[in-house]
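*Asks:* Hey, dropping data28.tsv in here, TSV, C-alpha atoms:
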```tsv
chain	number	residue	atom	x	y	z
A	1	MET	CA	-34.54	-23.66	13.23
A	2	SER	CA	-36.93	-20.72	12.99
A	3	ALA	CA	-36.99	-18.53	9.91
A	4	LYS	CA	-36.01	-15.47	11.97
A	5	LYS	CA	-32.65	-17.00	12.79
A	6	VAL	CA	-31.83	-17.11	9.09
A	7	ILE	CA	-33.65	-14.03	7.83
A	8	VAL	CA	-32.19	-11.41	10.19
A	9	PRO	CA	-28.48	-12.22	9.60
A	10	SER	CA	-29.17	-12.71	5.89
A	11	LEU	CA	-30.81	-9.28	5.65
A	12	ILE	CA	-27.90	-7.66	7.45
A	13	ILE	CA	-25.39	-9.41	5.19
A	14	ALA	CA	-27.38	-8.42	2.08
A	15	ALA	CA	-27.57	-4.80	3.25
A	16	CYS	CA	-23.81	-4.72	3.91
A	17	ILE	CA	-23.04	-6.19	0.51
A	18	ALA	CA	-25.38	-3.67	-1.12
A	19	VAL	CA	-23.58	-0.80	0.64
A	20	ILE	CA	-20.17	-2.15	-0.46
A	21	VAL	CA	-21.28	-2.62	-4.06
A	22	LEU	CA	-22.99	0.79	-4.26
A	23	SER	CA	-19.93	2.46	-2.73
A	24	SER	CA	-17.73	0.79	-5.31
A	25	PHE	CA	-19.78	2.28	-8.14
A	26	VAL	CA	-19.77	5.78	-6.71
A	27	SER	CA	-17.00	7.84	-8.22
A	28	VAL	CA	-15.36	10.03	-5.60
A	29	ARG	CA	-13.44	13.07	-6.67
A	30	PRO	CA	-10.84	14.83	-4.54
A	31	LEU	CA	-12.58	17.17	-2.19
A	32	SER	CA	-11.83	20.83	-2.54
A	33	MET	CA	-13.02	21.36	1.04
A	34	PHE	CA	-9.92	19.55	2.28
A	35	SER	CA	-7.53	21.52	0.10
A	36	PRO	CA	-6.17	23.64	2.99
A	37	PHE	CA	-4.76	20.46	4.50
A	38	ARG	CA	-3.38	18.95	1.33
A	39	ALA	CA	-0.55	21.40	0.86
A	40	ARG	CA	0.67	21.44	4.43
A	41	GLU	CA	4.17	20.12	4.88
A	42	PRO	CA	5.29	17.78	6.28
A	43	PHE	CA	1.98	16.00	6.67
A	44	ALA	CA	0.77	16.16	3.09
A	45	PRO	CA	2.80	13.25	1.70
A	46	PHE	CA	2.10	11.10	4.75
A	47	VAL	CA	-1.53	11.60	5.58
A	48	PHE	CA	-3.58	13.60	3.18
A	49	GLY	CA	-2.02	12.65	-0.12
A	50	ARG	CA	-1.82	15.20	-2.85
A	51	GLU	CA	-4.74	14.44	-5.09
A	52	ALA	CA	-6.16	11.40	-3.42
A	53	TRP	CA	-8.04	12.76	-0.43
A	54	GLY	CA	-11.54	11.42	-0.66
A	55	ARG	CA	-10.49	8.44	-2.73
A	56	ILE	CA	-8.97	6.61	0.20
A	57	GLY	CA	-11.26	4.96	2.70
A	58	PRO	CA	-10.38	3.64	6.14
A	59	PHE	CA	-10.06	0.16	4.65
A	60	GLY	CA	-8.33	0.93	1.37
A	61	TRP	CA	-8.80	2.80	-1.88
A	62	HIS	CA	-12.24	3.60	-3.24
A	63	LEU	CA	-11.83	1.95	-6.63
A	64	ALA	CA	-14.66	2.15	-9.11
A	65	GLY	CA	-16.55	-0.76	-10.64
A	66	TRP	CA	-15.70	-4.43	-10.43
A	67	ARG	CA	-12.14	-3.68	-9.46
A	68	GLY	CA	-13.49	-1.89	-6.44
A	69	ILE	CA	-15.62	-4.89	-5.49
A	70	ALA	CA	-12.67	-7.25	-5.83
A	71	SER	CA	-10.55	-4.88	-3.75
A	72	ALA	CA	-13.29	-4.69	-1.10
A	73	VAL	CA	-13.55	-8.50	-0.93
A	74	ALA	CA	-9.78	-8.78	-0.51
A	75	ALA	CA	-9.70	-6.01	2.11
A	76	TYR	CA	-12.55	-7.61	4.08
A	77	SER	CA	-10.86	-11.00	3.93
A	78	PHE	CA	-7.62	-9.50	5.20
A	79	LEU	CA	-9.37	-7.69	8.02
A	80	TYR	CA	-11.43	-10.72	9.02
A	81	LEU	CA	-8.58	-13.23	8.86
A	82	ALA	CA	-6.22	-10.96	10.80
A	83	SER	CA	-8.93	-10.47	13.43
A	84	LEU	CA	-9.58	-14.20	13.51
A	85	LEU	CA	-5.91	-14.86	14.22
A	86	ALA	CA	-6.05	-12.35	17.03
A	87	LEU	CA	-9.25	-13.96	18.35
A	88	PHE	CA	-7.59	-17.36	18.59
A	89	ALA	CA	-4.40	-15.87	20.02
A	90	PHE	CA	-6.10	-13.67	22.64
A	91	PRO	CA	-9.61	-15.02	23.23
A	92	ARG	CA	-9.86	-13.89	26.85
A	93	HIS	CA	-8.70	-10.37	26.09
A	94	LEU	CA	-11.16	-9.97	23.24
A	95	ARG	CA	-14.02	-11.36	25.32
A	96	ILE	CA	-13.28	-8.82	28.05
A	97	VAL	CA	-13.19	-5.96	25.53
A	98	ARG	CA	-16.43	-7.19	23.94
A	99	ASP	CA	-18.17	-7.47	27.30
A	100	ALA	CA	-17.05	-3.96	28.24
A	101	LEU	CA	-18.92	-2.64	25.20
A	102	GLY	CA	-22.26	-4.10	26.20
A	103	ARG	CA	-22.91	-2.35	29.50
A	104	GLY	CA	-25.41	0.29	28.53
A	105	ILE	CA	-25.43	3.75	27.08
A	106	ASN	CA	-23.82	5.54	30.06
A	107	GLU	CA	-20.88	3.16	30.03
A	108	GLY	CA	-20.70	3.66	26.25
A	109	PHE	CA	-20.32	7.42	26.71
A	110	ARG	CA	-17.63	6.84	29.35
A	111	LEU	CA	-15.72	4.53	27.00
A	112	PHE	CA	-16.06	7.06	24.17
A	113	GLY	CA	-14.67	9.77	26.46
A	114	ILE	CA	-11.79	7.50	27.43
A	115	GLY	CA	-11.09	6.84	23.75
A	116	VAL	CA	-11.08	10.55	22.92
A	117	LEU	CA	-8.83	11.43	25.85
A	118	TYR	CA	-6.51	8.51	25.18
A	119	GLY	CA	-6.11	9.61	21.56
A	120	LEU	CA	-5.54	13.24	22.56
A	121	ALA	CA	-3.12	12.31	25.34
A	122	LEU	CA	-1.04	10.13	23.02
A	123	LEU	CA	-1.07	12.71	20.23
A	124	PHE	CA	0.04	15.46	22.63
A	125	LEU	CA	2.66	13.15	24.06
A	126	THR	CA	3.90	12.32	20.56
A	127	ALA	CA	4.07	16.03	19.74
A	128	LEU	CA	5.95	16.63	22.97
A	129	GLY	CA	8.41	13.87	22.12
A	130	LEU	CA	8.78	15.25	18.61
A	131	PHE	CA	9.51	18.75	19.92
A	132	THR	CA	12.02	17.66	22.54
A	133	PHE	CA	13.69	14.38	21.62
A	134	VAL	CA	15.19	14.30	18.18
A	135	ALA	CA	13.59	11.48	16.17
A	136	SER	CA	12.78	9.52	19.28
A	137	PRO	CA	11.46	6.11	18.29
A	138	LEU	CA	9.29	6.21	21.39
A	139	SER	CA	7.03	8.70	19.63
A	140	LEU	CA	6.43	6.15	16.88
A	141	LEU	CA	5.79	3.46	19.49
A	142	LEU	CA	3.14	5.65	21.09
A	143	LEU	CA	1.38	5.99	17.77
A	144	ALA	CA	1.64	2.22	17.34
A	145	ALA	CA	0.03	1.79	20.78
A	146	LEU	CA	-2.79	4.06	19.67
A	147	LEU	CA	-3.36	2.02	16.51
A	148	LEU	CA	-3.18	-1.22	18.49
A	149	ALA	CA	-5.84	0.01	20.91
A	150	VAL	CA	-8.08	1.06	18.02
A	151	TRP	CA	-7.68	-2.30	16.29
A	152	LEU	CA	-8.28	-4.27	19.48
A	153	GLY	CA	-11.31	-2.14	20.20
A	154	LEU	CA	-12.69	-2.56	16.69
A	155	MET	CA	-12.35	-6.33	17.02
A	156	GLY	CA	-14.19	-6.24	20.33
A	157	LEU	CA	-16.80	-4.01	18.74
A	158	ALA	CA	-17.19	-6.41	15.81
A	159	LEU	CA	-17.73	-9.26	18.25
A	160	ALA	CA	-20.29	-7.20	20.18
A	161	ILE	CA	-22.15	-6.14	17.01
A	162	GLY	CA	-22.17	-9.70	15.68
A	163	ARG	CA	-23.44	-11.08	18.96
A	164	GLY	CA	-26.08	-8.35	19.14
A	165	ILE	CA	-27.36	-9.17	15.66
A	166	ASN	CA	-27.42	-12.88	16.42
A	167	ARG	CA	-29.31	-12.26	19.65
A	168	VAL	CA	-31.88	-10.17	17.81
A	169	ALA	CA	-32.20	-13.08	15.41
A	170	GLY	CA	-32.85	-15.37	18.34
A	171	LEU	CA	-29.53	-17.19	18.37
A	172	ALA	CA	-28.72	-17.37	22.07
A	173	GLN	CA	-25.45	-19.21	21.59
A	174	SER	CA	-23.68	-18.11	18.44
A	175	SER	CA	-20.14	-18.90	17.46
A	176	PRO	CA	-17.65	-16.07	18.10
A	177	ILE	CA	-16.22	-16.81	14.65
A	178	PHE	CA	-19.59	-16.00	13.08
A	179	ASP	CA	-20.06	-13.02	15.40
A	180	LEU	CA	-16.71	-11.67	14.28
A	181	ALA	CA	-17.49	-12.24	10.59
A	182	LEU	CA	-20.84	-10.49	10.87
A	183	GLY	CA	-19.60	-7.60	13.00
A	184	THR	CA	-16.55	-7.05	10.82
A	185	LEU	CA	-18.78	-7.03	7.74
A	186	VAL	CA	-21.03	-4.38	9.31
A	187	PHE	CA	-18.32	-1.90	10.18
A	188	PHE	CA	-16.40	-2.70	7.00
A	189	ALA	CA	-19.49	-1.83	4.95
A	190	LEU	CA	-19.94	1.37	6.93
A	191	GLY	CA	-16.29	2.21	6.34
A	192	CYS	CA	-16.73	1.74	2.60
A	193	ILE	CA	-19.16	4.66	2.36
A	194	PRO	CA	-17.20	7.50	0.74
A	195	ILE	CA	-16.31	10.34	3.15
A	196	ALA	CA	-18.88	9.31	5.79
A	197	GLY	CA	-16.97	6.07	6.25
A	198	TRP	CA	-14.09	7.98	7.80
A	199	VAL	CA	-16.39	9.63	10.32
A	200	ILE	CA	-18.17	6.39	11.20
A	201	VAL	CA	-14.97	4.40	11.59
A	202	ALA	CA	-13.39	7.23	13.58
A	203	LEU	CA	-16.35	7.23	15.99
A	204	LEU	CA	-16.41	3.44	16.26
A	205	GLY	CA	-12.62	3.31	16.59
A	206	THR	CA	-12.73	5.88	19.40
A	207	LEU	CA	-15.36	3.86	21.23
A	208	GLY	CA	-13.38	0.66	20.69
A	209	ALA	CA	-10.12	2.26	21.80
A	210	GLY	CA	-11.88	3.44	24.93
A	211	ALA	CA	-13.00	-0.12	25.66
A	212	ALA	CA	-9.49	-1.45	25.02
A	213	ILE	CA	-7.96	1.11	27.38
A	214	ALA	CA	-10.63	0.78	30.07
A	215	THR	CA	-9.96	-2.97	30.16
A	216	ARG	CA	-6.17	-2.51	30.09
A	217	PHE	CA	-5.91	-3.90	26.55
A	218	GLY	CA	-8.27	-6.70	27.48
A	219	ALA	CA	-6.34	-7.80	30.57
A	220	GLY	CA	-9.26	-6.84	32.79
A	221	GLY	CA	-9.23	-5.38	36.27
A	222	ALA	CA	-8.95	-1.81	37.38
A	223	TRP	CA	-6.10	0.56	36.58
A	224	SER	CA	-4.22	0.42	39.86
A	225	LEU	CA	-0.87	-0.40	41.37
A	226	ALA	CA	-2.25	-3.29	43.42
A	227	ASP	CA	-0.21	-5.89	41.55
A	228	PHE	CA	2.92	-3.81	41.93
A	229	ASN	CA	2.45	-3.51	45.68
A	230	VAL	CA	1.93	-7.23	46.29
A	231	SER	CA	4.63	-8.54	48.64
A	232	GLY	CA	5.96	-12.07	48.86
A	233	GLU	CA	6.39	-14.85	46.35
A	234	GLY	CA	3.43	-16.03	44.36
A	235	GLY	CA	1.26	-13.40	45.87
A	236	SER	CA	-0.16	-12.07	42.65
A	237	HIS	CA	-3.87	-11.75	42.41
A	238	GLU	CA	-6.42	-10.49	39.97
B	1	MET	CA	-37.06	-3.61	52.80
B	2	SER	CA	-37.71	-6.83	50.89
B	3	ASP	CA	-38.67	-10.09	52.56
B	4	ARG	CA	-35.57	-11.69	51.16
B	5	LEU	CA	-33.36	-9.07	52.79
B	6	ASP	CA	-35.22	-9.49	56.08
B	7	GLU	CA	-34.57	-13.18	55.94
B	8	LEU	CA	-30.88	-12.70	55.21
B	9	LEU	CA	-30.53	-10.13	58.00
B	10	SER	CA	-32.17	-12.49	60.46
B	11	ARG	CA	-29.46	-15.03	59.68
B	12	LEU	CA	-26.68	-12.71	60.76
B	13	PRO	CA	-24.84	-13.78	63.92
B	14	VAL	CA	-25.82	-11.97	67.11
B	15	ASP	CA	-22.24	-11.47	68.24
B	16	GLN	CA	-21.17	-8.14	69.62
B	17	PRO	CA	-19.62	-5.88	66.96
B	18	ALA	CA	-15.88	-5.36	67.06
B	19	PRO	CA	-14.92	-2.64	69.53
B	20	ASP	CA	-13.17	-0.58	66.88
B	21	LEU	CA	-15.93	-0.94	64.32
B	22	THR	CA	-17.13	2.65	64.70
B	23	SER	CA	-13.66	4.09	64.39
B	24	ARG	CA	-12.92	1.91	61.35
B	25	ILE	CA	-16.11	3.04	59.65
B	26	SER	CA	-15.29	6.67	60.44
B	27	ALA	CA	-11.77	6.21	59.09
B	28	ALA	CA	-13.09	4.62	55.90
B	29	VAL	CA	-15.61	7.42	55.40
B	30	ALA	CA	-12.91	10.03	55.98
B	31	ARG	CA	-10.58	8.25	53.59
B	32	ARG	CA	-13.22	8.21	50.89
B	33	ARG	CA	-14.01	11.86	51.49
B	34	ASN	CA	-10.33	12.77	51.20
B	35	LEU	CA	-10.02	10.75	48.01
B	36	ARG	CA	-12.98	12.58	46.49
B	37	ALA	CA	-11.50	15.92	47.51
B	38	VAL	CA	-8.16	15.03	45.96
B	39	ARG	CA	-9.83	13.93	42.73
B	40	ARG	CA	-11.88	17.14	42.62
B	41	ARG	CA	-8.72	19.19	43.09
B	42	MET	CA	-6.94	17.23	40.35
B	43	VAL	CA	-9.81	17.82	37.93
B	44	MET	CA	-9.78	21.54	38.70
B	45	LEU	CA	-6.02	21.60	38.22
B	46	ALA	CA	-6.40	19.81	34.89
B	47	LEU	CA	-8.99	22.38	33.84
B	48	VAL	CA	-6.64	25.22	34.69
B	49	CYS	CA	-3.78	23.45	32.85
B	50	MET	CA	-6.01	23.00	29.80
B	51	VAL	CA	-7.04	26.66	29.72
B	52	ILE	CA	-3.48	27.91	30.13
B	53	GLY	CA	-2.20	25.37	27.59
B	54	LEU	CA	-4.81	26.39	25.03
B	55	MET	CA	-3.98	30.05	25.60
B	56	LEU	CA	-0.25	29.42	25.15
B	57	ILE	CA	-0.84	27.41	21.99
B	58	GLY	CA	-3.29	30.00	20.71
B	59	VAL	CA	-0.74	32.77	21.23
B	60	SER	CA	2.15	30.89	19.62
B	61	TRP	CA	0.22	29.04	16.93
B	62	PRO	CA	0.39	31.58	14.04
B	63	ALA	CA	4.19	31.58	14.17
B	64	ALA	CA	4.34	27.81	14.70
B	65	ALA	CA	1.98	27.14	11.78
B	66	GLU	CA	4.15	29.28	9.55
B	67	THR	CA	7.25	27.42	10.71
B	68	ILE	CA	5.64	24.03	10.13
B	69	ALA	CA	4.39	25.10	6.71
B	70	THR	CA	7.71	26.49	5.57
B	71	THR	CA	9.98	23.81	7.03
B	72	ARG	CA	10.68	21.32	4.30
B	73	GLY	CA	9.34	17.90	5.22
B	74	VAL	CA	10.18	14.38	4.15
B	75	ASP	CA	8.74	13.85	0.70
B	76	VAL	CA	8.07	10.14	0.68
B	77	ALA	CA	6.41	10.43	-2.73
B	78	SER	CA	9.78	11.34	-4.27
B	79	VAL	CA	11.18	7.92	-3.39
B	80	SER	CA	10.43	5.41	-6.11
B	81	LEU	CA	10.01	1.69	-5.73
B	82	GLU	CA	13.02	1.13	-7.98
B	83	ASP	CA	15.19	3.16	-5.61
B	84	ILE	CA	14.01	1.14	-2.62
B	85	LEU	CA	14.60	-2.16	-4.40
B	86	ALA	CA	18.00	-1.08	-5.69
B	87	ALA	CA	19.40	0.32	-2.46
B	88	PRO	CA	17.01	-0.11	0.46
B	89	VAL	CA	19.51	0.75	3.20
B	90	GLU	CA	20.66	3.94	1.50
B	91	VAL	CA	17.08	5.04	0.91
B	92	LEU	CA	16.14	4.41	4.54
B	93	VAL	CA	19.22	6.19	5.84
B	94	GLY	CA	18.49	9.10	3.51
B	95	LEU	CA	14.90	9.33	4.71
B	96	PHE	CA	16.02	9.16	8.34
B	97	GLU	CA	18.55	11.95	7.78
B	98	LEU	CA	15.87	14.08	6.14
B	99	LEU	CA	13.60	13.41	9.11
B	100	LEU	CA	16.35	14.40	11.55
B	101	THR	CA	17.04	17.60	9.64
B	102	TRP	CA	13.37	18.47	9.49
B	103	GLU	CA	12.88	17.80	13.18
B	104	ALA	CA	15.99	19.74	14.16
B	105	ASN	CA	14.81	22.74	12.10
B	106	LEU	CA	11.39	22.46	13.65
B	107	VAL	CA	12.65	22.24	17.23
B	108	GLU	CA	14.92	25.24	16.75
B	109	SER	CA	12.14	27.34	15.30
B	110	LEU	CA	9.32	26.53	17.71
B	111	SER	CA	8.69	28.83	20.62
B	112	HIS	CA	8.87	27.81	24.28
B	113	ALA	CA	5.28	28.86	24.73
B	114	LEU	CA	4.10	26.25	22.24
B	115	ILE	CA	6.07	23.46	23.92
B	116	LEU	CA	4.82	24.52	27.35
B	117	GLY	CA	1.27	24.67	26.00
B	118	VAL	CA	1.51	21.17	24.58
B	119	LEU	CA	2.98	19.97	27.88
B	120	LEU	CA	0.10	21.45	29.86
B	121	LEU	CA	-2.46	19.99	27.47
B	122	THR	CA	-0.77	16.57	27.76
B	123	MET	CA	-0.92	16.68	31.54
B	124	SER	CA	-4.50	17.85	31.45
B	125	ALA	CA	-5.51	15.03	29.07
B	126	PHE	CA	-3.83	12.43	31.29
B	127	VAL	CA	-5.58	13.71	34.42
B	128	TRP	CA	-8.96	13.65	32.70
B	129	LEU	CA	-8.21	10.18	31.37
B	130	ALA	CA	-7.28	8.95	34.84
B	131	HIS	CA	-10.46	10.51	36.19
B	132	LEU	CA	-12.58	8.68	33.61
B	133	LEU	CA	-10.74	5.40	34.16
B	134	GLN	CA	-11.73	5.42	37.83
B	135	ARG	CA	-14.85	3.36	38.14
B	136	PRO	CA	-17.64	5.15	40.03
B	137	ALA	CA	-17.82	4.00	43.65
B	138	PRO	CA	-20.74	1.67	44.38
B	139	LEU	CA	-23.61	3.20	46.28
B	140	ASN	CA	-23.94	0.29	48.71
B	141	GLY	CA	-21.14	1.58	50.87
B	142	TYR	CA	-18.55	-0.98	49.88
B	143	SER	CA	-15.47	0.04	47.99
B	144	GLN	CA	-12.00	-1.15	47.24
B	145	PHE	CA	-9.05	1.02	48.15
B	146	THR	CA	-6.23	-0.31	46.06
```
Represent the structure contained in this file as structure tokens.
*Replies:*
Amino acid sequence: MSAKKVIVPSLIIAACIAVIVLSSFVSVRPLSMFSPFRAREPFAPFVFGREAWGRIGPFGWHLAGWRGIASAVAAYSFLYLASLLALFAFPRHLRIVRDALGRGINEGFRLFGIGVLYGLALLFLTALGLFTFVASPLSLLLLAALLLAVWLGLMGLALAIGRGINRVAGLAQSSPIFDLALGTLVFFALGCIPIAGWVIVALLGTLGAGAAIATRFGAGGAWSLADFNVSGEGGSHE
Amino acid sequence: MSDRLDELLSRLPVDQPAPDLTSRISAAVARRRNLRAVRRRMVMLALVCMVIGLMLIGVSWPAAAETIATTRGVDVASVSLEDILAAPVEVLVGLFELLLTWEANLVESLSHALILGVLLLTMSAFVWLAHLLQRPAPLNGYSQFT
């Protein structure tokens, strides 16, 4: 085994751990710039917190010191193990989402646009449901679908990042389990950066959601009514 | 043209083409042209919907923002863990009732213009999404009409 195959992933892992540790030792105070949002009812208790904006990251609280490191290790383990379960449960779907993310920069922009429009469409639809149907549970389901797409996309993105790093290292055939661990570590570390982590994870989540939607939640194939229009028994096709 | 393509072309059978080949090609080209025209019209319609929706929301937003700000929401922070553990069903029912009240107050106070604006923006976002989800047609002349 060449040294490059060990050095490149090790450097990435070391850099990620350094980012997580440094982020844990950075004390983050509530941001006054977000104060206009904090007092707004009814969203304040749900989303922005009262005093905690800036202390919550996309993957949990920004706790200071060793407690923060322990919390980060637990959060990463949760994220990785949950993703691993999903990988074993839906390997084909996740492979299709991962492959959709590796088709060049133009396709990346298309997927990002799809992610943005999907998010906007679902948010508008949720608002519409909220304004017209009283406490319709469908509105909550739509938000759940949005979160599911983001999570599926982030898993696909983690697999793509991990595979990319391993290919740079010269590992032509790497295990998807290792790809997932490495990719999850990269975007987890990026998400741990105070404030900027939200922006980075939002951008990556949008891209991932776009990939999940473009691939019909990993089912593959184009968005069409071809399967619906198939006549006869056993006439389904891909 | 590459040598490889020349070789492949030379292997094609020398049968006469189907008599309706020209008409089928013309029909396919016309179908594709129509499809493009329909998509272009849909995109323009979505653009118009978006502009009108934004205008409607812009007009009705100051009043709506005031309504949202003044309508009392569901204060989840007021519910303690002890309450949930002691009487989970009552707490959930209470929260749901508060949510219903809040939503009913909100729906009664919001203007029609805001709802129409959100509706137009929703339709516009879906049309744009559908447009992006269509894969670009290949340039080699082959396409799938599904």
*Asks:* Please list, as an MDAnalysis selection string, the residues that have an atom at most 12 Å away from (4.2, 26.7, 17.9) in the coordinates of this file, counting all atoms listed in the file.
*Replies:* (chainID A and resid 127:128 131) or (chainID B and resid 53:69 106:118)
*Asks:* Please, could you write that set of residues out with C-alpha atoms as a PDB file, in the frame of the given file?
*Replies:*
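Listing of out_6.pdb after writing:
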```pdb
ATOM      1  CA  ALA A 127       4.070  16.030  19.740  1.00  0.00           C
ATOM      2  CA  LEU A 128       5.950  16.630  22.970  1.00  0.00           C
ATOM      3  CA  PHE A 131       9.510  18.750  19.920  1.00  0.00           C
TER       4      PHE A 131
ATOM      5  CA  GLY B  53      -2.200  25.370  27.590  1.00  0.00           C
ATOM      6  CA  LEU B  54      -4.810  26.390  25.030  1.00  0.00           C
ATOM      7  CA  MET B  55      -3.980  30.050  25.600  1.00  0.00           C
ATOM      8  CA  LEU B  56      -0.250  29.420  25.150  1.00  0.00           C
ATOM      9  CA  ILE B  57      -0.840  27.410  21.990  1.00  0.00           C
ATOM     10  CA  GLY B  58      -3.290  30.000  20.710  1.00  0.00           C
ATOM     11  CA  VAL B  59      -0.740  32.770  21.230  1.00  0.00           C
ATOM     12  CA  SER B  60       2.150  30.890  19.620  1.00  0.00           C
ATOM     13  CA  TRP B  61       0.220  29.040  16.930  1.00  0.00           C
ATOM     14  CA  PRO B  62       0.390  31.580  14.040  1.00  0.00           C
ATOM     15  CA  ALA B  63       4.190  31.580  14.170  1.00  0.00           C
ATOM     16  CA  ALA B  64       4.340  27.810  14.700  1.00  0.00           C
ATOM     17  CA  ALA B  65       1.980  27.140  11.780  1.00  0.00           C
ATOM     18  CA  GLU B  66       4.150  29.280   9.550  1.00  0.00           C
ATOM     19  CA  THR B  67       7.250  27.420  10.710  1.00  0.00           C
ATOM     20  CA  ILE B  68       5.640  24.030  10.130  1.00  0.00           C
ATOM     21  CA  ALA B  69       4.390  25.100   6.710  1.00  0.00           C
ATOM     22  CA  LEU B 106      11.390  22.460  13.650  1.00  0.00           C
ATOM     23  CA  VAL B 107      12.650  22.240  17.230  1.00  0.00           C
ATOM     24  CA  GLU B 108      14.920  25.240  16.750  1.00  0.00           C
ATOM     25  CA  SER B 109      12.140  27.340  15.300  1.00  0.00           C
ATOM     26  CA  LEU B 110       9.320  26.530  17.710  1.00  0.00           C
ATOM     27  CA  SER B 111       8.690  28.830  20.620  1.00  0.00           C
ATOM     28  CA  HIS B 112       8.870  27.810  24.280  1.00  0.00           C
ATOM     29  CA  ALA B 113       5.280  28.860  24.730  1.00  0.00           C
ATOM     30  CA  LEU B 114       4.100  26.250  22.240  1.00  0.00           C
ATOM     31  CA  ILE B 115       6.070  23.460  23.920  1.00  0.00           C
ATOM     32  CA  LEU B 116       4.820  24.520  27.350  1.00  0.00           C
ATOM     33  CA  GLY B 117       1.270  24.670  26.000  1.00  0.00           C
ATOM     34  CA  VAL B 118       1.510  21.170  24.580  1.00  0.00           C
TER      35      VAL B 118
END
```
*Asks:* For a test of reading the model, state the distance in Å between atom CA of A:Ala160 and atom CA of A:Trp198, rounded to one decimal.
*Replies:*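 Here the two named atoms are 20.5 Å from each other.
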*Asks:* Measure the distance from atom CA of A:Leu79 to atom CA of A:Met155 in Å and round it to one decimal.
*Replies:*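 Straight-line distance from atom CA of A:Leu79 to atom CA of A:Met155 works out to 9.6 Å.
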*Asks:* Looking at A:Thr184, A:Thr206, A:Ser23, A:Thr126, which one is nearest to A:Ala75, with distances taken over only C-alpha atoms?
*Replies:*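 Of A:Thr184, A:Thr206, A:Ser23, A:Thr126, the one nearest A:Ala75, counting only C-alpha atoms, is A:Thr184.
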*Asks:* Name all residues at most 10 Å from A:Leu87 (count all atoms listed in the file; drop same-chain ones fewer than 3 positions away) and give them as JSON, numbers by chain.
*Replies:* {"A": [81, 82, 83, 84, 90, 91, 92, 93, 94, 95, 152, 155, 156, 159, 176, 177, 180]}
*Asks:* Between atom CA of A:Leu190 and atom CA of A:Phe78, what distance in Å does the model show, to one decimal?
*Replies:*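 Straight-line distance from atom CA of A:Leu190 to atom CA of A:Phe78 works out to 16.5 Å.
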*Asks:* Do a neighbour search on A:Ala64 at 10 Å with only C-alpha atoms, toss out local chain neighbours closer than 5 positions, and write the hits as a short mmCIF file (atom, residue, chain, number, x, y, z; two decimals) with C-alpha atoms, keeping the file's coordinate frame.
*Replies:*
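selection.cif, written as the output of this step:
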```
data_model
loop_
_atom_site.label_atom_id
_atom_site.label_comp_id
_atom_site.auth_asym_id
_atom_site.auth_seq_id
_atom_site.Cartn_x
_atom_site.Cartn_y
_atom_site.Cartn_z
CA VAL A 21 -21.28 -2.62 -4.06
CA LEU A 22 -22.99 0.79 -4.26
CA SER A 23 -19.93 2.46 -2.73
CA SER A 24 -17.73 0.79 -5.31
CA PHE A 25 -19.78 2.28 -8.14
CA VAL A 26 -19.77 5.78 -6.71
CA SER A 27 -17.00 7.84 -8.22
CA VAL A 28 -15.36 10.03 -5.60
CA ARG A 55 -10.49 8.44 -2.73
CA ILE A 69 -15.62 -4.89 -5.49
CA SER A 71 -10.55 -4.88 -3.75
#
```
*Asks:* May I ask which of the residues A:Leu182, A:Ile193, A:Ala214, A:Ala89 is the closest one to chain B, counting only C-alpha atoms?
*Replies:* A:Ala214
*Asks:* For chain B, which residue among A:Ala144, A:Ile200, A:Ala121, A:Ile20 is the nearest when counting all atoms listed in the file?
*Replies:*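 Between A:Ala144, A:Ile200, A:Ala121, A:Ile20, the residue approaching chain B most closely is A:Ala121.
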*Asks:* Please determine the residues with any atom at most 9 Å from (-9.5, 17.3, 30.3) (coordinates as given in the file, with all atoms listed in the file counting) and report them as an MDAnalysis selection string.
*Replies:* (chainID A and resid 117) or (chainID B and resid 43 46:47 49:50 121 123:129)
